[in-house]
Amino acid sequence: MSFAPEHQPQLEILPTIDAVADRAADLIAQAIAAPDAVLGVATGRTPLPIYARLRQRAANGMGTAHLRAFALDEYCGVAPDHQASYRGFLEREFFGPIGLPADRWQVPDGLTVDATAETSRYETAIRAAGGIGLQLLGVGRNGHIGFNEPGSAFDSLTRAVDLTEDTREANAGDFPPGEVTARQALTMGIGTILRAKRLLMVVTGPAKARVLAAMLEGPVTAAVPATAIRLHPDAIVLVDSEAAAQLTRARA
Ligand code: F6R
């Protein structure tokens with residue numbers, strides 16, 4: 001299968017995780033400054049230092065009253081007050097501290113009994129908000145974006161997905177020791193993500209070096225969902241030197 005046209009994401013290799021977080025926070029703050037800002041947000045370990053900086057900026061006066069935001073994903077069967085909940089994560093790390101009212105941000109409802117209705121409601125809500133302006137992304141070590149696991153179609157929309165064993169193992173730390181980790185999640189699709197006006201992907205640490213090289217230098221393929229960002233005309237990839245270690249092509 002081939003996908004066209006292909007674009008070259010804007011790659012910035014920065015020396016440290018802190019430098020990556022500073023740059024990402026600058027770009028997100030710029031996006032938030034727009035009067036109709038709609039932000040797509042990620043969870044996980046990678047964005048934590050970015051949210052810390054944005055909390056600081058909000059404490060120093062960055063206006064967020066007009067912001068609307070949508071989360072990429074949520075585990076199925078996990079209540080908002082469970083420690084693994086992405087709703088809980090975002091409320092704690094970002095939306096609560098910046099004072100964003102609950103009616104300005106959304107996370108797919110992982111407790112829904114009708115995933116089809118909930119995921120189609122979510123797509124409609126994103127569209128009704130005018131679409132996502134800037135979408136923040138991390139990447140799983142297996143190449144997933146959101147919870148679009150390998151094999152996900154590039155035109156997929158928000159839906160329920162099965163998590164791979166690799167992802168369940170990588171994210172086991174989200175859950176209390178001994179608890180069976182979520183087997184399914186609701187996630188924006190790759191097609192949903194590609195509709196955002198701009199993508200901001202952040203990749204840090206040595207454990208992501210292999211997937212970053214595959215994402216930027218391997219073939220564009222559903223086997224590595226993150227390669228889909230090369231189909232987007234305005235994608236920025238911020239990486240630290242450890243994540244960049246396996247890139248082989250000369251960079252300008
Ligand atoms: C999180 C998400 C995932 C993570 C990815 C990397 O909302 O959609 O794709 O971005 O699993 O997670 P970390 O940053 O914990 O390595």
# chains A, B, ... in the order shown; residues from 1 in each chain; ligands from 1
$ residues_around --residues "region 46-57 of chain A" --least-positions-apart "3" --cutoff "9 Å" --atoms "only C-alpha atoms" --output "mmCIF file with N, CA, C and O atoms, in the first residue's frame"
data_model
loop_
_atom_site.group_PDB
_atom_site.id
_atom_site.type_symbol
_atom_site.label_atom_id
_atom_site.label_comp_id
_atom_site.auth_asym_id
_atom_site.auth_seq_id
_atom_site.Cartn_x
_atom_site.Cartn_y
_atom_site.Cartn_z
ATOM 1 N N ILE A 17 15.873 16.843 27.593
ATOM 2 C CA ILE A 17 14.412 16.794 27.771
ATOM 3 C C ILE A 17 13.893 18.175 28.175
ATOM 4 O O ILE A 17 12.827 18.608 27.729
ATOM 5 N N ASP A 18 14.656 18.877 29.006
ATOM 6 C CA ASP A 18 14.216 20.214 29.438
ATOM 7 C C ASP A 18 14.124 21.168 28.247
ATOM 8 O O ASP A 18 13.188 21.965 28.160
ATOM 9 N N VAL A 20 13.588 20.351 25.168
ATOM 10 C CA VAL A 20 12.418 19.917 24.383
ATOM 11 C C VAL A 20 11.136 20.454 25.020
ATOM 12 O O VAL A 20 10.254 20.993 24.335
ATOM 13 N N ALA A 21 11.050 20.334 26.345
ATOM 14 C CA ALA A 21 9.830 20.783 27.036
ATOM 15 C C ALA A 21 9.669 22.299 26.915
ATOM 16 O O ALA A 21 8.546 22.791 26.736
ATOM 17 N N ASP A 22 10.780 23.030 27.002
ATOM 18 C CA ASP A 22 10.709 24.499 26.845
ATOM 19 C C ASP A 22 10.150 24.862 25.470
ATOM 20 O O ASP A 22 9.255 25.694 25.338
ATOM 21 N N ARG A 23 10.689 24.210 24.460
ATOM 22 C CA ARG A 23 10.271 24.516 23.076
ATOM 23 C C ARG A 23 8.806 24.117 22.854
ATOM 24 O O ARG A 23 8.031 24.853 22.251
ATOM 25 N N ALA A 24 8.432 22.943 23.354
ATOM 26 C CA ALA A 24 7.040 22.489 23.191
ATOM 27 C C ALA A 24 6.098 23.447 23.906
ATOM 28 O O ALA A 24 5.035 23.814 23.371
ATOM 29 N N ALA A 25 6.474 23.878 25.119
ATOM 30 C CA ALA A 25 5.611 24.799 25.876
ATOM 31 C C ALA A 25 5.474 26.120 25.115
ATOM 32 O O ALA A 25 4.385 26.708 25.086
ATOM 33 N N ASP A 26 6.556 26.589 24.493
ATOM 34 C CA ASP A 26 6.478 27.821 23.684
ATOM 35 C C ASP A 26 5.456 27.656 22.561
ATOM 36 O O ASP A 26 4.615 28.528 22.333
ATOM 37 N N ILE A 28 2.987 25.509 22.262
ATOM 38 C CA ILE A 28 1.616 25.333 22.761
ATOM 39 C C ILE A 28 1.075 26.667 23.274
ATOM 40 O O ILE A 28 -0.081 27.018 23.007
ATOM 41 N N ALA A 29 1.910 27.428 23.975
ATOM 42 C CA ALA A 29 1.461 28.735 24.481
ATOM 43 C C ALA A 29 1.070 29.644 23.310
ATOM 44 O O ALA A 29 0.076 30.371 23.382
ATOM 45 N N VAL A 41 -4.696 17.092 23.258
ATOM 46 C CA VAL A 41 -3.680 16.831 24.277
ATOM 47 C C VAL A 41 -3.409 15.344 24.458
ATOM 48 O O VAL A 41 -4.287 14.499 24.262
ATOM 49 N N ALA A 42 -2.167 15.071 24.859
ATOM 50 C CA ALA A 42 -1.717 13.702 25.082
ATOM 51 C C ALA A 42 -1.480 13.489 26.566
ATOM 52 O O ALA A 42 -1.293 14.439 27.322
ATOM 53 N N THR A 43 -1.467 12.237 26.967
ATOM 54 C CA THR A 43 -1.092 11.887 28.333
ATOM 55 C C THR A 43 0.201 11.077 28.274
ATOM 56 O O THR A 43 0.866 11.052 27.243
ATOM 57 N N ASN A 60 1.581 32.601 35.822
ATOM 58 C CA ASN A 60 2.167 33.919 35.539
ATOM 59 C C ASN A 60 1.306 34.748 34.596
ATOM 60 O O ASN A 60 1.791 35.732 34.028
ATOM 61 N N GLY A 61 0.074 34.300 34.344
ATOM 62 C CA GLY A 61 -0.840 35.182 33.607
ATOM 63 C C GLY A 61 -1.233 34.736 32.208
ATOM 64 O O GLY A 61 -1.981 35.438 31.529
ATOM 65 N N MET A 62 -0.726 33.574 31.732
ATOM 66 C CA MET A 62 -1.154 33.125 30.400
ATOM 67 C C MET A 62 -2.676 32.903 30.412
ATOM 68 O O MET A 62 -3.184 32.130 31.227
ATOM 69 N N GLY A 63 -3.381 33.592 29.525
ATOM 70 C CA GLY A 63 -4.841 33.478 29.494
ATOM 71 C C GLY A 63 -5.266 32.153 28.867
ATOM 72 O O GLY A 63 -4.708 31.720 27.860
ATOM 73 N N GLU A 93 -2.831 17.241 36.060
ATOM 74 C CA GLU A 93 -1.573 17.788 35.541
ATOM 75 C C GLU A 93 -1.748 19.080 34.772
ATOM 76 O O GLU A 93 -0.804 19.848 34.613
ATOM 77 N N PHE A 94 -2.951 19.297 34.210
ATOM 78 C CA PHE A 94 -3.066 20.406 33.274
ATOM 79 C C PHE A 94 -4.331 21.230 33.481
ATOM 80 O O PHE A 94 -4.256 22.385 33.905
ATOM 81 N N PHE A 95 -5.486 20.649 33.232
ATOM 82 C CA PHE A 95 -6.695 21.481 33.173
ATOM 83 C C PHE A 95 -7.086 22.062 34.529
ATOM 84 O O PHE A 95 -7.515 23.213 34.593
ATOM 85 N N PRO A 97 -5.058 22.738 37.287
ATOM 86 C CA PRO A 97 -4.160 23.827 37.686
ATOM 87 C C PRO A 97 -4.243 25.071 36.798
ATOM 88 O O PRO A 97 -3.998 26.165 37.279
ATOM 89 N N ILE A 98 -4.562 24.946 35.515
ATOM 90 C CA ILE A 98 -4.651 26.169 34.692
ATOM 91 C C ILE A 98 -6.055 26.778 34.771
ATOM 92 O O ILE A 98 -6.329 27.795 34.149
ATOM 93 N N LEU A 136 -1.001 17.787 20.210
ATOM 94 C CA LEU A 136 0.206 17.269 20.864
ATOM 95 C C LEU A 136 0.188 15.742 20.818
ATOM 96 O O LEU A 136 -0.837 15.128 21.131
ATOM 97 N N LEU A 137 1.317 15.148 20.472
ATOM 98 C CA LEU A 137 1.408 13.690 20.357
ATOM 99 C C LEU A 137 2.679 13.171 21.022
ATOM 100 O O LEU A 137 3.739 13.814 20.923
ATOM 101 N N GLY A 138 2.575 12.011 21.642
ATOM 102 C CA GLY A 138 3.758 11.236 21.980
ATOM 103 C C GLY A 138 3.749 10.015 21.069
ATOM 104 O O GLY A 138 2.834 9.850 20.256
ATOM 105 N N VAL A 139 4.746 9.164 21.212
ATOM 106 C CA VAL A 139 4.727 7.926 20.425
ATOM 107 C C VAL A 139 5.030 6.752 21.349
ATOM 108 O O VAL A 139 5.887 6.849 22.232
ATOM 109 N N VAL A 202 6.354 14.908 20.296
ATOM 110 C CA VAL A 202 7.480 15.025 21.217
ATOM 111 C C VAL A 202 7.990 13.610 21.520
ATOM 112 O O VAL A 202 7.209 12.740 21.903
ATOM 113 N N VAL A 203 9.290 13.418 21.316
ATOM 114 C CA VAL A 203 9.878 12.090 21.509
ATOM 115 C C VAL A 203 11.168 12.253 22.326
ATOM 116 O O VAL A 203 12.095 12.940 21.874
ATOM 117 N N THR A 204 11.204 11.651 23.491
ATOM 118 C CA THR A 204 12.389 11.807 24.342
ATOM 119 C C THR A 204 12.821 10.470 24.943
ATOM 120 O O THR A 204 12.013 9.575 25.148
ATOM 121 N N GLY A 205 14.117 10.386 25.217
ATOM 122 C CA GLY A 205 14.671 9.250 25.949
ATOM 123 C C GLY A 205 15.151 8.134 25.046
ATOM 124 O O GLY A 205 14.666 7.960 23.925
#
$ residues_around --residues "region 120-125 of chain A" --least-positions-apart "5" --cutoff "8 Å" --atoms "only C-alpha atoms" --output "list in words"
Pro108, Leu157, Thr158, Arg159 and Thr192 of chain A
$ write_last_selection --atoms "N, CA and C atoms" --output "PDB file, in the first residue's frame"
ATOM      1  N   PRO A 108     -12.682  11.131  25.944  1.00  0.00           N
ATOM      2  CA  PRO A 108     -13.683  10.099  25.653  1.00  0.00           C
ATOM      3  C   PRO A 108     -14.075   9.394  26.954  1.00  0.00           C
ATOM      4  N   LEU A 157     -11.145   6.745  12.458  1.00  0.00           N
ATOM      5  CA  LEU A 157     -11.699   7.814  13.294  1.00  0.00           C
ATOM      6  C   LEU A 157     -11.749   7.330  14.747  1.00  0.00           C
ATOM      7  N   THR A 158     -12.274   8.180  15.633  1.00  0.00           N
ATOM      8  CA  THR A 158     -12.343   7.824  17.051  1.00  0.00           C
ATOM      9  C   THR A 158     -13.147   6.532  17.219  1.00  0.00           C
ATOM     10  N   ARG A 159     -12.597   5.603  17.991  1.00  0.00           N
ATOM     11  CA  ARG A 159     -13.235   4.282  18.106  1.00  0.00           C
ATOM     12  C   ARG A 159     -12.640   3.515  19.285  1.00  0.00           C
ATOM     13  N   THR A 192      -8.505  11.124  12.436  1.00  0.00           N
ATOM     14  CA  THR A 192      -8.880  12.250  13.314  1.00  0.00           C
ATOM     15  C   THR A 192      -7.643  13.110  13.585  1.00  0.00           C
TER      16      THR A 192
END
$ closest_residue --among "A:Gly77, A:Gly88, A:Gly140, A:Gly189" --to "ligand 1" --atoms "only C-alpha atoms and all ligand atoms"
A:Gly140
$ select_by_dssp --residues "region 125-242 of chain A" --states "strand (DSSP E or B)" --output "list of chain:residue names"
A:Leu134, A:Gln135, A:Leu136, A:Leu137, A:Ile145, A:Asn148, A:Arg159, A:Ala160, A:Val161, A:Asp162, A:Gln184, A:Ala185, A:Leu186, A:Thr187, A:Arg198, A:Leu199, A:Leu200, A:Met201, A:Val202, A:Val203, A:Ala235, A:Ile236, A:Val237, A:Leu238, A:Val239, A:Asp240
$ write_last_selection --atoms "C-alpha atoms" --output "PDB file, in the first residue's frame"
ATOM      1  CA  LEU A 134      -2.593  22.028  17.458  1.00  0.00           C
ATOM      2  CA  GLN A 135      -2.424  18.325  18.334  1.00  0.00           C
ATOM      3  CA  LEU A 136       0.206  17.269  20.864  1.00  0.00           C
ATOM      4  CA  LEU A 137       1.408  13.690  20.357  1.00  0.00           C
ATOM      5  CA  ILE A 145      -0.049   7.373  18.292  1.00  0.00           C
ATOM      6  CA  ASN A 148      -3.776   3.496  17.345  1.00  0.00           C
ATOM      7  CA  ARG A 159     -13.235   4.282  18.106  1.00  0.00           C
ATOM      8  CA  ALA A 160     -12.704   1.482  20.614  1.00  0.00           C
ATOM      9  CA  VAL A 161      -9.492  -0.493  20.112  1.00  0.00           C
ATOM     10  CA  ASP A 162      -7.781  -3.518  21.638  1.00  0.00           C
ATOM     11  CA  GLN A 184      -9.222  -1.735  25.490  1.00  0.00           C
ATOM     12  CA  ALA A 185      -9.251   2.011  25.011  1.00  0.00           C
ATOM     13  CA  LEU A 186     -11.186   4.681  23.174  1.00  0.00           C
ATOM     14  CA  THR A 187      -8.870   6.667  20.924  1.00  0.00           C
ATOM     15  CA  ARG A 198      -0.791  21.272  13.037  1.00  0.00           C
ATOM     16  CA  LEU A 199       0.865  18.289  14.738  1.00  0.00           C
ATOM     17  CA  LEU A 200       3.431  18.613  17.502  1.00  0.00           C
ATOM     18  CA  MET A 201       5.112  15.317  18.272  1.00  0.00           C
ATOM     19  CA  VAL A 202       7.480  15.025  21.217  1.00  0.00           C
ATOM     20  CA  VAL A 203       9.878  12.090  21.509  1.00  0.00           C
ATOM     21  CA  ALA A 235       4.111  18.491  11.535  1.00  0.00           C
ATOM     22  CA  ILE A 236       6.848  19.431  13.994  1.00  0.00           C
ATOM     23  CA  VAL A 237       8.867  16.724  15.747  1.00  0.00           C
ATOM     24  CA  LEU A 238      10.817  17.737  18.857  1.00  0.00           C
ATOM     25  CA  VAL A 239      13.362  15.205  20.098  1.00  0.00           C
ATOM     26  CA  ASP A 240      16.182  15.075  22.606  1.00  0.00           C
TER      27      ASP A 240
END
$ residues_around --residues "His66 (chain A)" --least-positions-apart "6" --cutoff "12 Å" --atoms "only C-alpha atoms" --output "MDAnalysis selection string"
chainID A and resid 31:39 99:101 103:105 129
$ closest_residue --among "A:Glu242, A:Asp234, A:Glu179, A:Glu74" --to "Leu111 (chain A)" --atoms "only C-alpha atoms"
A:Glu74
$ atom_distance --atom1 "CA of Cys76 (chain A)" --atom2 "atom 10 (O, counted along the ligand's line) of ligand 1"
16.6 Å
